[in-house]
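Enquirer: Okay, so here is model36.cif, and as you'll see once you scroll down, it has mmCIF, C-alpha atoms and all ligand atoms.
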data_coords
#
loop_
_atom_site.group_PDB
_atom_site.id
_atom_site.type_symbol
_atom_site.label_atom_id
_atom_site.label_comp_id
_atom_site.auth_asym_id
_atom_site.auth_seq_id
_atom_site.Cartn_x
_atom_site.Cartn_y
_atom_site.Cartn_z
ATOM 1 C CA MET A 1 5.806 35.678 18.804
ATOM 2 C CA SER A 2 7.268 32.327 19.823
ATOM 3 C CA TYR A 3 5.361 29.063 19.619
ATOM 4 C CA LYS A 4 5.800 25.815 21.558
ATOM 5 C CA PRO A 5 8.662 23.895 19.905
ATOM 6 C CA ILE A 6 8.011 20.757 17.855
ATOM 7 C CA ARG A 7 9.931 18.065 19.741
ATOM 8 C CA LYS A 8 8.013 14.908 18.895
ATOM 9 C CA ALA A 9 7.273 13.143 15.633
ATOM 10 C CA VAL A 10 4.879 10.297 14.949
ATOM 11 C CA PHE A 11 5.720 7.789 12.201
ATOM 12 C CA PRO A 12 2.632 5.723 11.345
ATOM 13 C CA VAL A 13 3.988 2.407 10.045
ATOM 14 C CA ALA A 14 1.140 0.009 10.755
ATOM 15 C CA GLY A 15 -0.277 -0.097 7.205
ATOM 16 C CA LEU A 16 -0.358 -3.429 5.381
ATOM 17 C CA GLY A 17 1.590 -2.254 2.321
ATOM 18 C CA THR A 18 -0.558 -4.327 -0.020
ATOM 19 C CA ARG A 19 0.732 -2.555 -3.129
ATOM 20 C CA PHE A 20 4.116 -4.170 -2.501
ATOM 21 C CA LEU A 21 2.922 -7.745 -2.034
ATOM 22 C CA PRO A 22 4.487 -10.266 -2.018
ATOM 23 C CA ALA A 23 7.592 -8.376 -0.757
ATOM 24 C CA THR A 24 5.623 -6.998 2.199
ATOM 25 C CA LYS A 25 4.483 -10.485 3.284
ATOM 26 C CA SER A 26 7.470 -10.524 5.619
ATOM 27 C CA VAL A 27 9.349 -7.239 5.075
ATOM 28 C CA PRO A 28 7.739 -4.016 6.323
ATOM 29 C CA LYS A 29 7.295 -1.551 3.443
ATOM 30 C CA GLU A 30 9.183 1.033 5.497
ATOM 31 C CA LEU A 31 12.323 -1.118 5.413
ATOM 32 C CA LEU A 32 12.454 -1.320 1.615
ATOM 33 C CA PRO A 33 15.698 0.398 0.634
ATOM 34 C CA VAL A 34 16.124 3.358 -1.664
ATOM 35 C CA VAL A 35 19.578 2.401 -2.963
ATOM 36 C CA ASP A 36 20.948 1.221 0.406
ATOM 37 C CA ARG A 37 19.037 3.045 3.153
ATOM 38 C CA PRO A 38 15.513 2.030 4.172
ATOM 39 C CA LEU A 39 12.656 4.460 3.615
ATOM 40 C CA ILE A 40 12.170 4.840 7.368
ATOM 41 C CA GLN A 41 15.786 5.958 7.772
ATOM 42 C CA TYR A 42 15.275 8.886 5.380
ATOM 43 C CA ALA A 43 12.191 9.933 7.347
ATOM 44 C CA VAL A 44 14.036 9.749 10.686
ATOM 45 C CA ASP A 45 16.966 11.726 9.218
ATOM 46 C CA GLU A 46 14.488 14.354 8.010
ATOM 47 C CA ALA A 47 12.927 14.566 11.487
ATOM 48 C CA ARG A 48 16.301 14.874 13.222
ATOM 49 C CA GLU A 49 17.331 17.648 10.865
ATOM 50 C CA ALA A 50 14.133 19.508 11.813
ATOM 51 C CA GLY A 51 15.045 19.327 15.515
ATOM 52 C CA ILE A 52 12.804 16.419 16.532
ATOM 53 C CA GLU A 53 13.971 14.734 19.740
ATOM 54 C CA GLN A 54 11.466 11.958 20.294
ATOM 55 C CA MET A 55 10.534 9.497 17.522
ATOM 56 C CA ILE A 56 7.225 7.692 18.038
ATOM 57 C CA PHE A 57 6.581 4.692 15.783
ATOM 58 C CA VAL A 58 3.046 3.358 15.499
ATOM 59 C CA THR A 59 3.669 -0.191 14.342
ATOM 60 C CA GLY A 60 1.527 -3.250 13.827
ATOM 61 C CA ARG A 61 1.784 -7.006 13.427
ATOM 62 C CA GLY A 62 4.778 -8.096 11.369
ATOM 63 C CA LYS A 63 6.580 -4.776 11.817
ATOM 64 C CA GLY A 64 8.969 -5.827 14.591
ATOM 65 C CA ALA A 65 11.951 -5.576 12.229
ATOM 66 C CA ILE A 66 11.605 -1.758 12.343
ATOM 67 C CA GLU A 67 12.359 -1.774 16.070
ATOM 68 C CA ASP A 68 15.396 -4.013 15.515
ATOM 69 C CA TYR A 69 16.595 -1.789 12.705
ATOM 70 C CA PHE A 70 17.066 1.206 15.018
ATOM 71 C CA ASP A 71 18.893 -0.885 17.618
ATOM 72 C CA MET A 72 22.607 -1.636 17.770
ATOM 73 C CA ALA A 73 23.705 -4.075 15.022
ATOM 74 C CA PHE A 74 25.988 -5.823 17.465
ATOM 75 C CA GLU A 75 27.324 -8.662 15.278
ATOM 76 C CA ALA A 76 27.668 -6.584 12.106
ATOM 77 C CA GLU A 77 29.441 -3.789 13.994
ATOM 78 C CA ALA A 78 31.784 -6.143 15.855
ATOM 79 C CA ILE A 79 32.723 -8.060 12.698
ATOM 80 C CA GLN A 80 33.264 -4.901 10.628
ATOM 81 C CA ARG A 81 35.426 -3.431 13.412
ATOM 82 C CA GLU A 82 37.445 -6.626 13.771
ATOM 83 C CA ARG A 83 38.113 -6.611 10.034
ATOM 84 C CA GLY A 84 39.099 -2.941 10.153
ATOM 85 C CA LYS A 85 36.210 -2.051 7.823
ATOM 86 C CA ASP A 86 34.497 1.308 7.526
ATOM 87 C CA LEU A 87 31.395 1.680 9.729
ATOM 88 C CA SER A 88 30.112 4.918 8.200
ATOM 89 C CA ALA A 89 27.201 3.148 6.446
ATOM 90 C CA LEU A 90 25.666 2.626 9.887
ATOM 91 C CA GLU A 91 25.784 6.302 10.817
ATOM 92 C CA GLY A 92 22.499 7.677 12.162
ATOM 93 C CA THR A 93 20.879 4.237 12.245
ATOM 94 C CA ARG A 94 20.670 4.102 16.036
ATOM 95 C CA ILE A 95 18.170 6.267 17.860
ATOM 96 C CA GLU A 96 19.539 7.712 21.080
ATOM 97 C CA PRO A 97 18.543 5.746 24.226
ATOM 98 C CA GLY A 98 15.137 6.831 25.462
ATOM 99 C CA ASN A 99 14.254 8.756 22.310
ATOM 100 C CA ALA A 100 12.427 6.007 20.424
ATOM 101 C CA VAL A 101 8.945 4.869 21.376
ATOM 102 C CA PHE A 102 7.292 1.898 19.673
ATOM 103 C CA LEU A 103 3.605 1.275 20.146
ATOM 104 C CA ARG A 104 1.066 -0.831 18.340
ATOM 105 C CA GLN A 105 -2.049 -0.189 16.356
ATOM 106 C CA GLN A 106 -3.692 -3.600 16.711
ATOM 107 C CA GLU A 107 -5.936 -3.211 13.657
ATOM 108 C CA PRO A 108 -5.241 -1.099 10.552
ATOM 109 C CA LEU A 109 -8.302 1.102 11.014
ATOM 110 C CA GLY A 110 -6.808 4.051 9.141
ATOM 111 C CA LEU A 111 -4.172 6.762 9.406
ATOM 112 C CA GLY A 112 -6.289 8.838 11.815
ATOM 113 C CA HIS A 113 -6.639 5.878 14.155
ATOM 114 C CA ALA A 114 -2.874 5.173 13.966
ATOM 115 C CA ILE A 115 -2.108 8.749 15.037
ATOM 116 C CA TRP A 116 -4.676 8.584 17.852
ATOM 117 C CA CYS A 117 -2.874 5.491 19.209
ATOM 118 C CA ALA A 118 0.055 7.829 20.058
ATOM 119 C CA ARG A 119 -2.092 10.296 22.059
ATOM 120 C CA ASP A 120 -0.598 9.633 25.498
ATOM 121 C CA ILE A 121 2.981 9.814 24.265
ATOM 122 C CA VAL A 122 2.343 13.022 22.332
ATOM 123 C CA GLY A 123 0.598 14.581 25.349
ATOM 124 C CA ASP A 124 -0.149 18.270 25.369
ATOM 125 C CA GLU A 125 2.299 19.533 22.736
ATOM 126 C CA PRO A 126 2.219 20.273 19.029
ATOM 127 C CA PHE A 127 3.828 17.430 17.092
ATOM 128 C CA ALA A 128 4.913 16.359 13.638
ATOM 129 C CA ILE A 129 3.734 13.413 11.542
ATOM 130 C CA LEU A 130 5.838 11.868 8.781
ATOM 131 C CA LEU A 131 4.564 9.146 6.438
ATOM 132 C CA PRO A 132 7.784 7.279 5.647
ATOM 133 C CA ASP A 133 6.616 5.906 2.311
ATOM 134 C CA GLU A 134 6.553 9.484 1.035
ATOM 135 C CA PHE A 135 10.191 10.229 0.343
ATOM 136 C CA MET A 136 10.678 14.024 0.411
ATOM 137 C CA LYS A 137 14.081 15.049 -0.855
ATOM 138 C CA GLY A 138 15.109 18.593 -0.029
ATOM 139 C CA ALA A 139 18.452 20.334 -0.406
ATOM 140 C CA PRO A 140 21.014 19.381 2.287
ATOM 141 C CA GLY A 141 19.877 20.880 5.596
ATOM 142 C CA ARG A 142 16.550 21.933 4.021
ATOM 143 C CA GLY A 143 14.408 18.822 4.336
ATOM 144 C CA CYS A 144 10.635 19.003 4.084
ATOM 145 C CA LEU A 145 9.941 18.959 7.828
ATOM 146 C CA LYS A 146 12.663 21.575 8.452
ATOM 147 C CA GLN A 147 10.971 23.852 5.906
ATOM 148 C CA MET A 148 7.667 23.283 7.685
ATOM 149 C CA VAL A 149 9.117 23.937 11.160
ATOM 150 C CA ASP A 150 10.556 27.224 9.836
ATOM 151 C CA ALA A 151 7.073 28.166 8.592
ATOM 152 C CA TYR A 152 5.527 27.065 11.922
ATOM 153 C CA ASN A 153 7.899 29.366 13.787
ATOM 154 C CA GLN A 154 6.365 32.244 11.818
ATOM 155 C CA VAL A 155 2.654 31.413 11.974
ATOM 156 C CA GLY A 156 2.128 28.667 14.582
ATOM 157 C CA GLY A 157 -1.032 26.553 14.533
ATOM 158 C CA ASN A 158 -1.405 23.626 12.174
ATOM 159 C CA LEU A 159 0.534 23.080 8.966
ATOM 160 C CA VAL A 160 0.395 20.509 6.208
ATOM 161 C CA CYS A 161 2.804 20.050 3.357
ATOM 162 C CA ALA A 162 1.037 21.067 0.137
ATOM 163 C CA LEU A 163 1.975 19.629 -3.232
ATOM 164 C CA GLU A 164 0.601 20.285 -6.715
ATOM 165 C CA VAL A 165 -0.339 17.184 -8.719
ATOM 166 C CA PRO A 166 -2.275 16.665 -11.975
ATOM 167 C CA MET A 167 -6.015 17.096 -11.313
ATOM 168 C CA ALA A 168 -6.580 13.463 -12.439
ATOM 169 C CA ASP A 169 -4.554 12.217 -9.440
ATOM 170 C CA THR A 170 -6.572 14.028 -6.756
ATOM 171 C CA PRO A 171 -8.958 11.094 -6.006
ATOM 172 C CA ASN A 172 -5.998 9.267 -4.393
ATOM 173 C CA TYR A 173 -5.221 11.925 -1.794
ATOM 174 C CA GLY A 174 -6.362 14.389 0.826
ATOM 175 C CA VAL A 175 -6.931 17.676 -1.034
ATOM 176 C CA ILE A 176 -6.764 21.306 0.150
ATOM 177 C CA ASP A 177 -9.428 23.925 -0.437
ATOM 178 C CA PRO A 178 -7.012 26.864 -0.655
ATOM 179 C CA GLY A 179 -7.457 30.446 0.498
ATOM 180 C CA LYS A 180 -4.956 33.304 0.320
ATOM 181 C CA ARG A 181 -1.390 32.569 -0.716
ATOM 182 C CA ASP A 182 1.610 34.348 0.766
ATOM 183 C CA GLY A 183 5.029 33.062 -0.338
ATOM 184 C CA VAL A 184 5.274 29.380 0.606
ATOM 185 C CA LEU A 185 2.172 29.605 2.806
ATOM 186 C CA THR A 186 -1.371 28.900 1.629
ATOM 187 C CA GLU A 187 -4.307 29.400 3.943
ATOM 188 C CA VAL A 188 -6.314 26.159 4.294
ATOM 189 C CA LYS A 189 -10.088 26.807 4.095
ATOM 190 C CA GLY A 190 -11.094 23.164 3.881
ATOM 191 C CA LEU A 191 -9.803 19.627 3.429
ATOM 192 C CA VAL A 192 -11.368 16.674 1.691
ATOM 193 C CA GLU A 193 -10.123 13.080 1.625
ATOM 194 C CA LYS A 194 -10.106 11.220 -1.712
ATOM 195 C CA PRO A 195 -12.635 13.387 -3.582
ATOM 196 C CA ALA A 196 -14.419 11.824 -6.554
ATOM 197 C CA LEU A 197 -12.849 12.688 -9.895
ATOM 198 C CA GLY A 198 -13.771 16.195 -10.997
ATOM 199 C CA THR A 199 -14.912 17.333 -7.522
ATOM 200 C CA ALA A 200 -11.578 18.283 -5.890
ATOM 201 C CA PRO A 201 -11.425 21.901 -4.669
ATOM 202 C CA SER A 202 -7.853 22.231 -6.054
ATOM 203 C CA ASN A 203 -4.896 20.166 -7.214
ATOM 204 C CA LEU A 204 -3.032 20.798 -3.930
ATOM 205 C CA ILE A 205 -2.665 17.479 -2.136
ATOM 206 C CA LEU A 206 -1.352 16.361 1.246
ATOM 207 C CA PRO A 207 1.750 14.262 0.621
ATOM 208 C CA GLY A 208 2.235 13.109 4.212
ATOM 209 C CA ARG A 209 3.967 15.721 6.356
ATOM 210 C CA TYR A 210 2.026 17.489 9.092
ATOM 211 C CA ILE A 211 2.550 19.713 12.133
ATOM 212 C CA LEU A 212 -0.541 19.535 14.315
ATOM 213 C CA GLN A 213 -1.787 20.892 17.600
ATOM 214 C CA PRO A 214 -2.598 18.241 20.257
ATOM 215 C CA GLU A 215 -6.347 19.059 20.082
ATOM 216 C CA VAL A 216 -6.512 16.840 16.981
ATOM 217 C CA MET A 217 -6.275 13.812 19.322
ATOM 218 C CA LYS A 218 -9.562 14.774 21.044
ATOM 219 C CA ILE A 219 -11.254 15.011 17.648
ATOM 220 C CA LEU A 220 -9.810 11.662 16.527
ATOM 221 C CA GLU A 221 -11.236 10.030 19.641
ATOM 222 C CA THR A 222 -14.765 10.341 18.266
ATOM 223 C CA GLN A 223 -13.957 10.549 14.546
ATOM 224 C CA GLU A 224 -16.325 8.455 12.413
ATOM 225 C CA LYS A 225 -15.020 6.275 9.590
ATOM 226 C CA GLY A 226 -14.593 8.186 6.334
ATOM 227 C CA ALA A 227 -13.288 7.435 2.824
ATOM 228 C CA GLY A 228 -12.455 3.739 2.332
ATOM 229 C CA GLY A 229 -14.153 2.851 5.633
ATOM 230 C CA GLU A 230 -11.067 4.119 7.530
ATOM 231 C CA ILE A 231 -10.687 6.700 10.305
ATOM 232 C CA GLN A 232 -9.164 9.528 8.310
ATOM 233 C CA LEU A 233 -6.710 12.075 9.670
ATOM 234 C CA THR A 234 -7.876 14.501 6.971
ATOM 235 C CA ASP A 235 -11.429 14.511 8.381
ATOM 236 C CA ALA A 236 -10.163 15.261 11.910
ATOM 237 C CA MET A 237 -7.922 18.062 10.620
ATOM 238 C CA ALA A 238 -10.838 19.510 8.656
ATOM 239 C CA SER A 239 -12.761 19.979 11.939
ATOM 240 C CA MET A 240 -9.950 22.156 13.297
ATOM 241 C CA ILE A 241 -10.095 24.673 10.456
ATOM 242 C CA GLY A 242 -11.571 27.964 11.641
ATOM 243 C CA ARG A 243 -10.784 27.146 15.285
ATOM 244 C CA GLN A 244 -7.007 27.339 14.899
ATOM 245 C CA PRO A 245 -4.662 28.765 12.231
ATOM 246 C CA PHE A 246 -4.227 26.242 9.393
ATOM 247 C CA HIS A 247 -1.745 26.580 6.533
ATOM 248 C CA GLY A 248 -0.314 24.591 3.669
ATOM 249 C CA VAL A 249 3.432 24.860 3.079
ATOM 250 C CA THR A 250 4.822 24.516 -0.433
ATOM 251 C CA PHE A 251 7.825 22.196 -0.269
ATOM 252 C CA LYS A 252 10.934 23.165 -2.204
ATOM 253 C CA GLY A 253 12.374 19.834 -3.273
ATOM 254 C CA ARG A 254 11.402 16.551 -4.892
ATOM 255 C CA ARG A 255 8.757 14.128 -3.747
ATOM 256 C CA PHE A 256 8.694 10.420 -4.535
ATOM 257 C CA ASP A 257 5.581 8.440 -3.682
ATOM 258 C CA CYS A 258 7.371 5.287 -2.558
ATOM 259 C CA GLY A 259 4.088 3.682 -1.525
ATOM 260 C CA SER A 260 3.616 3.075 -5.264
ATOM 261 C CA LYS A 261 5.901 0.871 -7.362
ATOM 262 C CA ALA A 262 6.533 3.582 -9.963
ATOM 263 C CA GLY A 263 7.465 6.202 -7.345
ATOM 264 C CA TYR A 264 9.706 3.735 -5.522
ATOM 265 C CA ILE A 265 11.613 2.829 -8.697
ATOM 266 C CA GLU A 266 11.915 6.526 -9.629
ATOM 267 C CA ALA A 267 13.412 7.299 -6.205
ATOM 268 C CA ASN A 268 15.972 4.509 -6.563
ATOM 269 C CA LEU A 269 16.939 5.686 -10.028
ATOM 270 C CA ALA A 270 17.151 9.374 -9.063
ATOM 271 C CA LEU A 271 19.305 8.677 -5.995
ATOM 272 C CA ALA A 272 21.538 6.159 -7.751
ATOM 273 C CA LEU A 273 22.138 8.607 -10.620
ATOM 274 C CA GLU A 274 23.415 11.266 -8.258
ATOM 275 C CA ARG A 275 25.673 8.948 -6.255
ATOM 276 C CA GLU A 276 29.400 9.169 -6.914
ATOM 277 C CA ASP A 277 29.884 5.410 -6.630
ATOM 278 C CA LEU A 278 26.939 4.460 -8.862
ATOM 279 C CA GLY A 279 25.889 7.395 -11.041
ATOM 280 C CA GLU A 280 28.075 6.757 -14.062
ATOM 281 C CA HIS A 281 27.307 3.041 -14.177
ATOM 282 C CA ILE A 282 23.544 3.514 -13.840
ATOM 283 C CA ARG A 283 23.512 6.301 -16.440
ATOM 284 C CA ALA A 284 25.319 4.094 -19.006
ATOM 285 C CA PHE A 285 23.093 1.123 -18.179
ATOM 286 C CA THR A 286 19.892 3.199 -18.526
ATOM 287 C CA ILE A 287 20.931 4.628 -21.893
ATOM 288 C CA ALA A 288 21.878 1.158 -23.202
ATOM 289 C CA GLU A 289 18.597 -0.284 -21.913
ATOM 290 C CA LEU A 290 16.562 2.453 -23.632
ATOM 291 C CA ASP A 291 18.469 1.849 -26.874
ATOM 292 C CA MET A 292 17.644 -1.866 -26.673
ATOM 293 C CA ILE A 293 13.953 -1.073 -26.237
ATOM 294 C CA LYS A 294 14.080 1.210 -29.313
ATOM 295 C CA ILE A 295 15.829 -1.470 -31.360
ATOM 296 C CA SER A 296 13.364 -4.213 -30.406
ATOM 297 C CA ALA A 297 10.407 -1.884 -31.016
ATOM 298 C CA ALA A 298 11.748 -1.115 -34.526
ATOM 299 C CA ALA A 299 12.379 -4.827 -35.354
HETATM 300 P P1 LIG A 301 -1.249 3.763 2.917
HETATM 301 O O1 LIG A 301 -2.491 4.352 2.417
HETATM 302 O O2 LIG A 301 -0.029 3.903 2.075
HETATM 303 O O3 LIG A 301 -1.530 2.234 3.238
HETATM 304 O O4 LIG A 301 -0.983 4.369 4.351
HETATM 305 P P2 LIG A 301 -0.520 1.046 3.399
HETATM 306 O O5 LIG A 301 -1.218 -0.046 4.099
HETATM 307 O O6 LIG A 301 0.764 1.499 4.042
HETATM 308 O O7 LIG A 301 -0.154 0.604 1.902
HETATM 309 P P3 LIG A 301 -1.074 -0.057 0.751
HETATM 310 O O8 LIG A 301 -1.969 1.041 0.240
HETATM 311 O O9 LIG A 301 -1.828 -1.223 1.332
HETATM 312 O O10 LIG A 301 -0.061 -0.490 -0.268
HETATM 313 C C1 LIG A 301 -0.394 5.629 4.533
HETATM 314 C C2 LIG A 301 0.399 5.627 5.817
HETATM 315 O O11 LIG A 301 -0.455 5.394 6.936
HETATM 316 C C3 LIG A 301 -0.026 4.268 7.676
HETATM 317 C C4 LIG A 301 0.806 3.448 6.695
HETATM 318 O O12 LIG A 301 1.746 2.646 7.400
HETATM 319 C C5 LIG A 301 1.464 4.543 5.861
HETATM 320 O O13 LIG A 301 2.598 5.109 6.521
HETATM 321 N N1 LIG A 301 -1.223 3.562 8.178
HETATM 322 C C6 LIG A 301 -2.294 3.395 7.363
HETATM 323 C C7 LIG A 301 -1.245 3.085 9.473
HETATM 324 O O14 LIG A 301 -0.244 3.229 10.231
HETATM 325 N N2 LIG A 301 -2.372 2.478 9.927
HETATM 326 C C8 LIG A 301 -3.459 2.296 9.139
HETATM 327 O O15 LIG A 301 -4.456 1.734 9.622
HETATM 328 C C9 LIG A 301 -3.417 2.771 7.822
#
Translate this structure into structure tokens?
Expert:
Amino acid sequence: MSYKPIRKAVFPVAGLGTRFLPATKSVPKELLPVVDRPLIQYAVDEAREAGIEQMIFVTGRGKGAIEDYFDMAFEAEAIQRERGKDLSALEGTRIEPGNAVFLRQQEPLGLGHAIWCARDIVGDEPFAILLPDEFMKGAPGRGCLKQMVDAYNQVGGNLVCALEVPMADTPNYGVIDPGKRDGVLTEVKGLVEKPALGTAPSNLILPGRYILQPEVMKILETQEKGAGGEIQLTDAMASMIGRQPFHGVTFKGRRFDCGSKAGYIEANLALALEREDLGEHIRAFTIAELDMIKISAAA
């Protein structure tokens, strides 16, 4: 059976990024670099690799720099060219004309509300959602969304990325009530947003990659505020369970929660360590730094 292709992706980037204040006073969280590429660039690369054609950015006040980022860097390109310098660092940083849509969520009323703001652009097709502060690192050519699109082509319906975390972390996330498992697929029987400690139905959380049917927009239209007083995407998705197929997909790769300081630093370290131009230096520095800590702890 063949299902409608996933051609569009929504990137909700209207959040305030308060965990990164004061940096996010004037720099959107999504433009913070992991080594030298902004978080949003990794998410767009992941979407492209999965076959996405249209990138829809739901932005907010103070996020205009994201739109500029995907434009032509006229001065930088001209100067680099004039000086005969390599331009490869800029590869993939421009979105093809007509394939980027920027729209605004005027108030940060929650992730569900941000997605609903894109309803007319998404239209009547299944679509993907990528939260750019979740950095999902798959093997080359096997990014998280690509793995999910492959699963979608088998089962259709709605899919969420599913990730195991320690039970103590579940109150920070949307959590899956799992049914039958079959390879990378887990049937989703229920979803709950930010359950109180000790009440989560499993330790399978939603780390921010989704493939959803357009009907979710109708549900979001009348969705009441949920956890944290925000309009939650998880609550709207939960209403679709039973009406349409709904699966979790286990991601093969590494996930860095770059919305948190620890996750962001881990991502920088992990990527720097595997880079040819930086790995050796960072490895030596890290070892020396750890030795210094040991010495001062012993003194
Ligand atoms: P977060 O929960 O990480 O919130 O949002 P945040 O505002 O970005 O960061 P903190 O917690 O204040 O540090 C998850 C995703 O949903 C988007 C965010 O941009 C992020 O991609 N979002 C959240 C919106 O687009 N609009 C909202 O109203 C809320």
Enquirer: Need to verify the contact set: Gly179 in chain A, 12 Å, all atoms listed in the file, exclusion of same-chain residues closer than 3 positions in sequence. Can you return it as a VMD selection string?
Expert: chain A and resid 176 182 185 to 191 201 to 202 204 241 246 to 248
Enquirer: Rank A:Ala128, A:Leu109, A:Ile205, A:Ile282 by their smallest atom-to-atom distance to ligand LIG 301 (chain A), using only C-alpha atoms and all ligand atoms, and report the top residue only.
Expert: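 Closest residue, counting only C-alpha atoms and all ligand atoms: A:Leu109.
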Enquirer: Of the residues A:Ala118, A:Ala78, A:Ala288, A:Leu131, which is the one nearest to ligand LIG 301 (chain A), using all atoms listed in the file?
Expert: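 The answer is A:Leu131, which sits nearest to ligand LIG 301 (chain A).
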Enquirer: Looking at A:Gly259, A:Gly183, A:Pro5, A:Gly141, which one is nearest to ligand LIG 301 (chain A), with distances taken over only C-alpha atoms and all ligand atoms?
Expert: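 Going through A:Gly259, A:Gly183, A:Pro5, A:Gly141 one by one, the smallest distance to ligand LIG 301 (chain A) is for A:Gly259.
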Enquirer: Work out how far apart CA of Leu39 in chain A and CA of Pro132 in chain A are and give it in Å to one decimal.
Expert: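 Distance reported for this atom pair: 6.0 Å.
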Enquirer: Taking the point (20.1, 3.2, 13.7) as given in the file, collect each protein or nucleic acid residue that comes within 12 Å of it, counting only C-alpha atoms, and present the set as number ranges by chain.
Expert: A: 37-38, 40-42, 44-45, 66-74, 77, 88-97, 99-100
